[in-house]
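J.: File follows, work03.json with JSON, C-alpha atoms and all ligand atoms:
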[["chain", "number", "residue", "atom", "x", "y", "z"],
["A", 83, "MET", "CA", 99.28, 111.49, 82.48],
["A", 84, "GLN", "CA", 95.57, 111.83, 82.24],
["A", 85, "ASN", "CA", 94.49, 111.65, 85.81],
["A", 86, "ASN", "CA", 95.32, 112.69, 89.34],
["A", 87, "LEU", "CA", 93.88, 109.65, 91.12],
["A", 88, "PRO", "CA", 95.67, 108.47, 94.26],
["A", 89, "ILE", "CA", 98.42, 106.08, 93.12],
["A", 90, "ILE", "CA", 98.08, 102.67, 94.80],
["A", 91, "ALA", "CA", 101.47, 101.09, 95.61],
["A", 92, "LEU", "CA", 101.17, 97.45, 94.53],
["A", 93, "ASP", "CA", 103.71, 96.17, 97.04],
["A", 94, "PHE", "CA", 102.89, 92.48, 96.56],
["A", 95, "GLU", "CA", 105.21, 89.51, 96.10],
["A", 96, "SER", "CA", 103.60, 87.93, 93.06],
["A", 97, "ALA", "CA", 101.50, 88.55, 89.98],
["A", 98, "GLU", "CA", 98.80, 86.33, 91.51],
["A", 99, "ALA", "CA", 98.51, 88.58, 94.56],
["A", 100, "VAL", "CA", 98.24, 91.62, 92.27],
["A", 101, "THR", "CA", 95.50, 89.97, 90.22],
["A", 102, "GLN", "CA", 93.58, 89.03, 93.36],
["A", 103, "PHE", "CA", 93.81, 92.62, 94.58],
["A", 104, "LEU", "CA", 92.82, 94.23, 91.28],
["A", 105, "ASN", "CA", 89.88, 91.85, 90.79],
["A", 106, "GLN", "CA", 88.12, 93.62, 93.65],
["A", 107, "PHE", "CA", 87.93, 96.91, 91.73],
["A", 108, "ASP", "CA", 85.66, 97.72, 88.82],
["A", 109, "GLU", "CA", 87.02, 101.17, 87.93],
["A", 110, "PRO", "CA", 90.21, 102.48, 86.30],
["A", 111, "LEU", "CA", 93.00, 102.91, 88.87],
["A", 112, "PHE", "CA", 96.45, 104.48, 88.93],
["A", 113, "VAL", "CA", 98.90, 101.91, 90.35],
["A", 114, "LYS", "CA", 102.59, 101.84, 91.20],
["A", 115, "VAL", "CA", 104.76, 98.84, 90.28],
["A", 116, "GLY", "CA", 108.09, 98.86, 92.12],
["A", 117, "MET", "CA", 111.34, 96.93, 91.87],
["A", 118, "GLU", "CA", 110.26, 94.01, 94.05],
["A", 119, "LEU", "CA", 107.38, 93.14, 91.79],
["A", 120, "PHE", "CA", 108.89, 94.09, 88.43],
["A", 121, "TYR", "CA", 112.11, 92.12, 88.98],
["A", 122, "GLN", "CA", 110.05, 89.01, 89.68],
["A", 123, "THR", "CA", 107.34, 89.34, 87.08],
["A", 124, "GLY", "CA", 108.91, 91.37, 84.27],
["A", 125, "PRO", "CA", 107.07, 93.31, 81.56],
["A", 126, "SER", "CA", 104.24, 90.78, 81.27],
["A", 127, "LEU", "CA", 102.69, 92.16, 84.45],
["A", 128, "ILE", "CA", 102.66, 95.64, 82.91],
["A", 129, "THR", "CA", 100.79, 94.31, 79.88],
["A", 130, "ASP", "CA", 98.25, 92.54, 82.13],
["A", 131, "ILE", "CA", 97.60, 95.63, 84.26],
["A", 132, "LYS", "CA", 97.24, 97.82, 81.16],
["A", 133, "LYS", "CA", 94.73, 95.41, 79.63],
["A", 134, "ARG", "CA", 92.58, 96.07, 82.69],
["A", 135, "GLY", "CA", 92.61, 99.78, 81.82],
["A", 136, "HIS", "CA", 94.77, 101.07, 84.67],
["A", 137, "SER", "CA", 97.48, 103.76, 84.57],
["A", 138, "ILE", "CA", 100.95, 102.69, 85.72],
["A", 139, "PHE", "CA", 103.79, 104.40, 87.59],
["A", 140, "LEU", "CA", 106.82, 102.13, 87.03],
["A", 141, "ASP", "CA", 108.96, 102.99, 90.06],
["A", 142, "LEU", "CA", 112.41, 101.59, 89.18],
["A", 143, "LYS", "CA", 114.49, 104.63, 90.26],
["A", 144, "LEU", "CA", 117.20, 104.31, 87.60],
["A", 145, "HIS", "CA", 120.70, 105.55, 88.50],
["A", 146, "ASP", "CA", 123.76, 104.77, 86.34],
["A", 147, "ILE", "CA", 125.98, 106.42, 83.73],
["A", 148, "PRO", "CA", 124.04, 108.53, 81.19],
["A", 149, "ASN", "CA", 124.40, 106.09, 78.30],
["A", 150, "THR", "CA", 123.16, 103.11, 80.31],
["A", 151, "VAL", "CA", 120.18, 104.97, 81.73],
["A", 152, "GLY", "CA", 119.33, 106.40, 78.30],
["A", 153, "LYS", "CA", 119.34, 102.93, 76.72],
["A", 154, "ALA", "CA", 117.41, 101.40, 79.62],
["A", 155, "MET", "CA", 114.78, 104.11, 79.25],
["A", 156, "GLU", "CA", 114.51, 103.34, 75.52],
["A", 157, "GLY", "CA", 113.56, 99.81, 76.54],
["A", 158, "LEU", "CA", 111.01, 101.04, 79.08],
["A", 159, "SER", "CA", 109.61, 103.38, 76.43],
["A", 160, "LYS", "CA", 108.24, 100.31, 74.62],
["A", 161, "LEU", "CA", 106.17, 99.38, 77.68],
["A", 162, "ASP", "CA", 102.78, 100.95, 78.00],
["A", 163, "VAL", "CA", 103.46, 102.85, 81.23],
["A", 164, "ASP", "CA", 102.47, 106.41, 82.20],
["A", 165, "LEU", "CA", 105.16, 107.48, 84.65],
["A", 166, "VAL", "CA", 108.78, 106.43, 85.35],
["A", 167, "ASN", "CA", 111.59, 107.77, 87.54],
["A", 168, "VAL", "CA", 115.34, 108.17, 88.05],
["A", 169, "HIS", "CA", 117.56, 109.33, 90.92],
["A", 170, "ALA", "CA", 118.43, 113.02, 90.54],
["A", 171, "ALA", "CA", 121.82, 112.16, 92.10],
["A", 172, "GLY", "CA", 122.77, 110.66, 88.73],
["A", 173, "GLY", "CA", 123.22, 114.23, 87.46],
["A", 174, "SER", "CA", 121.85, 116.47, 84.72],
["A", 175, "GLU", "CA", 123.41, 114.60, 81.79],
["A", 176, "MET", "CA", 121.94, 111.31, 83.02],
["A", 177, "MET", "CA", 118.53, 112.92, 83.46],
["A", 178, "LYS", "CA", 118.61, 114.48, 79.97],
["A", 179, "ARG", "CA", 119.49, 111.12, 78.42],
["A", 180, "ALA", "CA", 116.71, 109.51, 80.47],
["A", 181, "VAL", "CA", 114.18, 111.98, 79.04],
["A", 182, "GLU", "CA", 115.38, 111.33, 75.46],
["A", 183, "GLY", "CA", 115.25, 107.57, 76.03],
["A", 184, "ILE", "CA", 111.79, 107.39, 77.55],
["A", 185, "ARG", "CA", 110.31, 109.59, 74.80],
["A", 186, "LYS", "CA", 111.82, 107.47, 72.00],
["A", 187, "TYR", "CA", 108.71, 105.35, 71.32],
["A", 188, "ASN", "CA", 106.11, 107.22, 73.40],
["A", 189, "SER", "CA", 106.19, 110.97, 73.93],
["A", 190, "ASN", "CA", 103.39, 110.85, 76.52],
["A", 191, "ILE", "CA", 105.30, 109.06, 79.29],
["A", 192, "LYS", "CA", 106.10, 111.40, 82.19],
["A", 193, "ILE", "CA", 109.42, 111.17, 83.99],
["A", 194, "ILE", "CA", 110.22, 112.37, 87.50],
["A", 195, "ALA", "CA", 113.28, 112.32, 89.78],
["A", 196, "VAL", "CA", 113.76, 111.04, 93.30],
["A", 197, "THR", "CA", 115.40, 113.90, 95.21],
["A", 198, "GLN", "CA", 116.35, 112.43, 98.59],
["A", 199, "LEU", "CA", 114.79, 109.18, 99.77],
["A", 200, "THR", "CA", 112.49, 109.68, 102.74],
["A", 201, "SER", "CA", 114.61, 107.10, 104.57],
["A", 202, "THR", "CA", 117.58, 109.51, 104.42],
["A", 203, "THR", "CA", 118.04, 111.65, 107.54],
["A", 204, "GLU", "CA", 119.88, 114.98, 107.81],
["A", 205, "THR", "CA", 122.66, 113.16, 109.69],
["A", 206, "MET", "CA", 123.09, 110.71, 106.80],
["A", 207, "LEU", "CA", 123.05, 113.61, 104.35],
["A", 208, "ARG", "CA", 125.91, 115.29, 106.23],
["A", 209, "ASP", "CA", 127.99, 112.31, 107.36],
["A", 210, "GLU", "CA", 127.46, 109.79, 104.56],
["A", 211, "GLN", "CA", 126.73, 111.88, 101.46],
["A", 212, "ASN", "CA", 128.89, 114.81, 102.70],
["A", 213, "ILE", "CA", 126.17, 117.30, 101.74],
["A", 214, "GLN", "CA", 126.51, 120.22, 104.17],
["A", 215, "SER", "CA", 123.06, 121.77, 103.72],
["A", 216, "THR", "CA", 119.60, 121.23, 105.18],
["A", 217, "MET", "CA", 117.32, 118.52, 103.77],
["A", 218, "ASP", "CA", 115.04, 121.19, 102.29],
["A", 219, "GLU", "CA", 117.92, 122.84, 100.44],
["A", 220, "ALA", "CA", 119.24, 119.48, 99.21],
["A", 221, "VAL", "CA", 115.80, 118.47, 97.92],
["A", 222, "LEU", "CA", 115.24, 121.84, 96.25],
["A", 223, "ASN", "CA", 118.66, 121.70, 94.62],
["A", 224, "TYR", "CA", 117.90, 118.33, 93.00],
["A", 225, "ALA", "CA", 114.38, 119.46, 92.07],
["A", 226, "ARG", "CA", 115.81, 122.50, 90.24],
["A", 227, "LEU", "CA", 118.32, 120.27, 88.44],
["A", 228, "ALA", "CA", 115.52, 117.90, 87.42],
["A", 229, "GLN", "CA", 113.46, 120.77, 85.99],
["A", 230, "LEU", "CA", 116.47, 122.20, 84.12],
["A", 231, "SER", "CA", 117.14, 118.73, 82.70],
["A", 232, "GLY", "CA", 113.63, 118.59, 81.22],
["A", 233, "LEU", "CA", 111.94, 116.25, 83.71],
["A", 234, "ASP", "CA", 108.25, 116.61, 84.57],
["A", 235, "GLY", "CA", 108.59, 116.62, 88.34],
["A", 236, "VAL", "CA", 109.94, 114.96, 91.46],
["A", 237, "VAL", "CA", 109.15, 112.42, 94.14],
["A", 238, "CYS", "CA", 109.35, 114.17, 97.51],
["A", 239, "SER", "CA", 107.82, 114.10, 100.96],
["A", 240, "PRO", "CA", 104.57, 116.09, 101.30],
["A", 241, "LEU", "CA", 106.42, 118.40, 103.67],
["A", 242, "GLU", "CA", 108.78, 119.45, 100.89],
["A", 243, "ALA", "CA", 106.08, 119.75, 98.23],
["A", 244, "ASN", "CA", 105.24, 123.26, 99.30],
["A", 245, "LEU", "CA", 108.80, 124.50, 98.82],
["A", 246, "VAL", "CA", 109.06, 122.81, 95.43],
["A", 247, "LYS", "CA", 105.72, 124.32, 94.40],
["A", 248, "GLN", "CA", 106.77, 127.83, 95.43],
["A", 249, "GLU", "CA", 110.03, 127.68, 93.54],
["A", 250, "LEU", "CA", 109.28, 125.47, 90.54],
["A", 251, "GLY", "CA", 105.59, 126.03, 89.91],
["A", 252, "GLU", "CA", 102.24, 124.31, 90.23],
["A", 253, "SER", "CA", 102.47, 122.17, 87.13],
["A", 254, "PHE", "CA", 105.86, 120.61, 88.01],
["A", 255, "LEU", "CA", 104.77, 117.21, 89.40],
["A", 256, "LYS", "CA", 105.15, 116.56, 93.13],
["A", 257, "VAL", "CA", 104.46, 112.89, 93.75],
["A", 258, "THR", "CA", 104.36, 112.22, 97.48],
["A", 259, "PRO", "CA", 104.37, 108.96, 99.47],
["A", 260, "GLY", "CA", 104.02, 108.95, 103.28],
["A", 261, "ILE", "CA", 100.24, 109.40, 103.20],
["A", 262, "ARG", "CA", 98.02, 108.17, 106.04],
["A", 263, "PRO", "CA", 94.33, 108.93, 106.61],
["A", 264, "GLU", "CA", 93.43, 110.17, 110.12],
["A", 265, "ASN", "CA", 93.47, 107.42, 112.76],
["A", 266, "THR", "CA", 95.41, 104.80, 110.79],
["A", 267, "SER", "CA", 98.78, 103.20, 111.50],
["A", 268, "SER", "CA", 101.86, 105.09, 110.30],
["A", 269, "ASP", "CA", 103.70, 101.73, 109.78],
["A", 270, "ASP", "CA", 107.39, 102.53, 109.19],
["A", 271, "GLN", "CA", 106.75, 105.95, 107.61],
["A", 272, "GLN", "CA", 108.24, 108.81, 109.65],
["A", 273, "ARG", "CA", 106.98, 111.98, 108.02],
["A", 274, "ILE", "CA", 103.33, 111.44, 107.24],
["A", 275, "THR", "CA", 100.37, 113.61, 106.31],
["A", 276, "THR", "CA", 96.74, 113.02, 105.40],
["A", 277, "PRO", "CA", 95.55, 113.17, 101.77],
["A", 278, "GLU", "CA", 93.92, 116.57, 102.47],
["A", 279, "LYS", "CA", 97.08, 118.02, 104.00],
["A", 280, "ALA", "CA", 99.24, 116.73, 101.14],
["A", 281, "SER", "CA", 96.95, 118.54, 98.73],
["A", 282, "VAL", "CA", 97.14, 121.79, 100.68],
["A", 283, "LEU", "CA", 100.94, 121.47, 100.73],
["A", 284, "GLY", "CA", 101.02, 121.27, 96.94],
["A", 285, "ALA", "CA", 101.29, 117.56, 96.11],
["A", 286, "THR", "CA", 100.01, 116.87, 92.59],
["A", 287, "HIS", "CA", 99.83, 113.09, 93.19],
["A", 288, "ILE", "CA", 99.83, 110.92, 96.33],
["A", 289, "VAL", "CA", 101.17, 107.37, 96.60],
["A", 290, "VAL", "CA", 99.34, 105.17, 99.11],
["A", 291, "GLY", "CA", 100.18, 101.54, 99.84],
["A", 292, "ARG", "CA", 99.37, 99.71, 103.06],
["A", 293, "PRO", "CA", 96.35, 101.79, 104.14],
["A", 294, "ILE", "CA", 94.68, 100.30, 101.04],
["A", 295, "THR", "CA", 96.49, 97.02, 100.28],
["A", 296, "GLN", "CA", 96.50, 95.77, 103.89],
["A", 297, "SER", "CA", 93.01, 97.01, 104.69],
["A", 298, "GLU", "CA", 90.23, 94.55, 105.51],
["A", 299, "ASN", "CA", 88.21, 96.23, 102.80],
["A", 300, "PRO", "CA", 90.59, 97.69, 100.19],
["A", 301, "VAL", "CA", 87.83, 99.07, 97.96],
["A", 302, "THR", "CA", 86.19, 101.03, 100.80],
["A", 303, "SER", "CA", 89.54, 102.31, 102.06],
["A", 304, "TYR", "CA", 90.50, 103.39, 98.54],
["A", 305, "GLN", "CA", 87.19, 105.16, 97.98],
["A", 306, "LYS", "CA", 87.54, 107.13, 101.22],
["A", 307, "ILE", "CA", 91.10, 108.21, 100.39],
["A", 308, "LYS", "CA", 90.12, 109.05, 96.82],
["A", 309, "GLU", "CA", 87.17, 111.18, 97.96],
["A", 310, "SER", "CA", 89.13, 113.19, 100.49],
["A", 311, "TRP", "CA", 92.03, 113.67, 98.07],
["A", 312, "LEU", "CA", 89.92, 114.72, 95.08],
["A", 313, "LYS", "CA", 87.67, 116.94, 97.22],
["A", 314, "SER", "CA", 90.59, 118.94, 98.55],
["A", 315, "HIS", "CA", 92.47, 118.80, 95.27],
["A", 316, "ASP", "CA", 90.03, 120.02, 92.62],
["B", 401, "LIG", "O1", 102.56, 101.43, 102.35],
["B", 401, "LIG", "P1", 102.96, 102.85, 102.10],
["B", 401, "LIG", "O2", 101.80, 103.80, 101.86],
["B", 401, "LIG", "O3", 103.93, 103.36, 103.16],
["B", 401, "LIG", "O4", 103.76, 102.77, 100.72],
["B", 401, "LIG", "C1", 104.41, 103.87, 100.15],
["B", 401, "LIG", "C2", 105.06, 103.46, 98.87],
["B", 401, "LIG", "O5", 105.84, 104.55, 98.40],
["B", 401, "LIG", "C3", 106.00, 102.26, 98.97],
["B", 401, "LIG", "O6", 105.94, 101.56, 97.73],
["B", 401, "LIG", "C4", 107.37, 102.91, 99.16],
["B", 401, "LIG", "O7", 108.41, 102.11, 98.68],
["B", 401, "LIG", "C5", 107.21, 104.15, 98.30],
["B", 401, "LIG", "N1", 108.11, 105.24, 98.62],
["B", 401, "LIG", "C6", 108.18, 105.82, 99.87],
["B", 401, "LIG", "N2", 109.05, 106.85, 100.11],
["B", 401, "LIG", "C7", 109.82, 107.32, 99.11],
["B", 401, "LIG", "C8", 109.74, 106.75, 97.83],
["B", 401, "LIG", "C9", 108.86, 105.70, 97.62],
["B", 401, "LIG", "O8", 107.45, 105.42, 100.79],
["B", 401, "LIG", "N3", 110.62, 108.34, 99.32]]
Before anything else, please render the file you have as structure tokens.

T.:
Amino acid sequence: MQNNLPIIALDFESAEAVTQFLNQFDEPLFVKVGMELFYQTGPSLITDIKKRGHSIFLDLKLHDIPNTVGKAMEGLSKLDVDLVNVHAAGGSEMMKRAVEGIRKYNSNIKIIAVTQLTSTTETMLRDEQNIQSTMDEAVLNYARLAQLSGLDGVVCSPLEANLVKQELGESFLKVTPGIRPENTSSDDQQRITTPEKASVLGATHIVVGRPITQSENPVTSYQKIKESWLKSHD
């Protein structure tokens, strides 16, 4: 992954909406394509976005038996993406097979693991997953497993990035959603921080959606977030 630009979450319903959004920008971006969009548009959207010169985080969060995930990653390895992910809950063997699969046709693609979704609360952790530890410990446990399995980093909340940095090092990727500039709506995000704070806490990449995509002026909003992130990050 060549850059540490803020990653724009392209949470749109159609390829047309994506095109309309991207047409407003005349610089290379780093964008995130999630399940909603990919399941409707398929790989052709990836090709289109790449032709425009943008980097892509394909956020499909794979989680299945090791063989299935390995083979699925081989398929994704043929797409020209920069970053993909799996659920760490799938286990070390699944993660190792995912790494092998994604590197099959392109050794430059980075792969990270979702530790605990930010929608998961400590009560859910205890009562539904039957994990009797704190959220921090649960996240750190999966982050360690991801590193041991050869992954490049994790998706975590900015508030956990610091812990992960202390234990697993600066270069292990910490990709953090839940970012809101000062004085903007938190939407449905619970644990939010500003781009500057995320950087101080050790995030290597931030994912930002609605503060840019739903803004009246997406380009201006993006530039402001990019400036404050890069200023505090470099
Ligand atoms: O609009 P907003 O900035 O809240 O978008 C954040 C993006 O990051 C969304 O695409 C959301 O699905 C994703 N995400 C998240 N929390 C996670 C993992 C992914 O908000 N733990």

J.: Applying 7 Å and only C-alpha atoms, which residues near stretch 255-271 of chain A remain after dropping the ones on its own chain fewer than 5 positions away? List them as number ranges by chain.

T.: A: 234-240, 243, 276-277, 285-290, 293

J.: Identify, on the basis of all atoms listed in the file, every residue whose closest approach to A:Leu87 does not exceed 9 Å; exclude the query and any residue fewer than 6 positions from it along the same chain; express the result as a PDB file with C-alpha atoms, in the frame of the given file.

T.:
ATOM      1  CA  LEU A 111      93.000 102.910  88.870  1.00  0.00           C
ATOM      2  CA  PHE A 112      96.450 104.480  88.930  1.00  0.00           C
ATOM      3  CA  HIS A 287      99.830 113.090  93.190  1.00  0.00           C
ATOM      4  CA  ILE A 288      99.830 110.920  96.330  1.00  0.00           C
ATOM      5  CA  LYS A 308      90.120 109.050  96.820  1.00  0.00           C
ATOM      6  CA  TRP A 311      92.030 113.670  98.070  1.00  0.00           C
ATOM      7  CA  LEU A 312      89.920 114.720  95.080  1.00  0.00           C
TER       8      LEU A 312
END

J.: Hey, could you pull the box centre and edge lengths for ligand LIG 401 (chain B), axis-aligned, 8 Å padding per side, all listed atoms, to one decimal in Å, as AutoDock Vina command-line options?

T.:
--center_x 106.2 --center_y 104.9 --center_z 100.4 --size_x 24.8 --size_y 22.9 --size_z 21.5

J.: Write out as a tab-separated table a residue-level contact list of stretch 107-168 of chain A versus stretch 184-190 of chain A with cut-off 8 Å: for each qualifying residue the closest pair of atoms and the distance in Å to one decimal, counting only C-alpha atoms, rows sorted by chain and residue number upward.

T.:
residue	atom	partner	partner_atom	distance
A:Gly152	CA	A:Ile184	CA	7.6
A:Met155	CA	A:Ile184	CA	4.8
A:Glu156	CA	A:Ile184	CA	5.3
A:Gly157	CA	A:Ile184	CA	7.8
A:Leu158	CA	A:Ile184	CA	6.6
A:Ser159	CA	A:Ile184	CA	4.7
A:Lys160	CA	A:Tyr187	CA	6.0
A:Asp164	CA	A:Asn190	CA	7.3

J.: So which one's closest to A:Phe103, A:Ile274, A:Ile294, A:Ile193, A:Val163? Using all atoms listed in the file, please.

T.: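 Smallest separation from A:Phe103 among the options: A:Ile294.
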
J.: Calculated over all atoms listed in the file, which of the candidates A:Ala154, A:Thr295, A:Ser303, A:Ser281 has the smallest distance to A:Asn86?

T.: A:Ser281

J.: How many Å lie between atom CA of A:Phe94 and atom CA of A:Leu233, rounded to one decimal?

T.: 28.5 Å

J.: Check the smallest atom-to-atom distance from each of A:Ser297, A:Ser201, A:Gln229, A:Thr275 to ligand LIG 401 (chain B) using only C-alpha atoms and all ligand atoms, then report the winner.

T.: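 Going through A:Ser297, A:Ser201, A:Gln229, A:Thr275 one by one, the smallest distance to ligand LIG 401 (chain B) is for A:Ser201.
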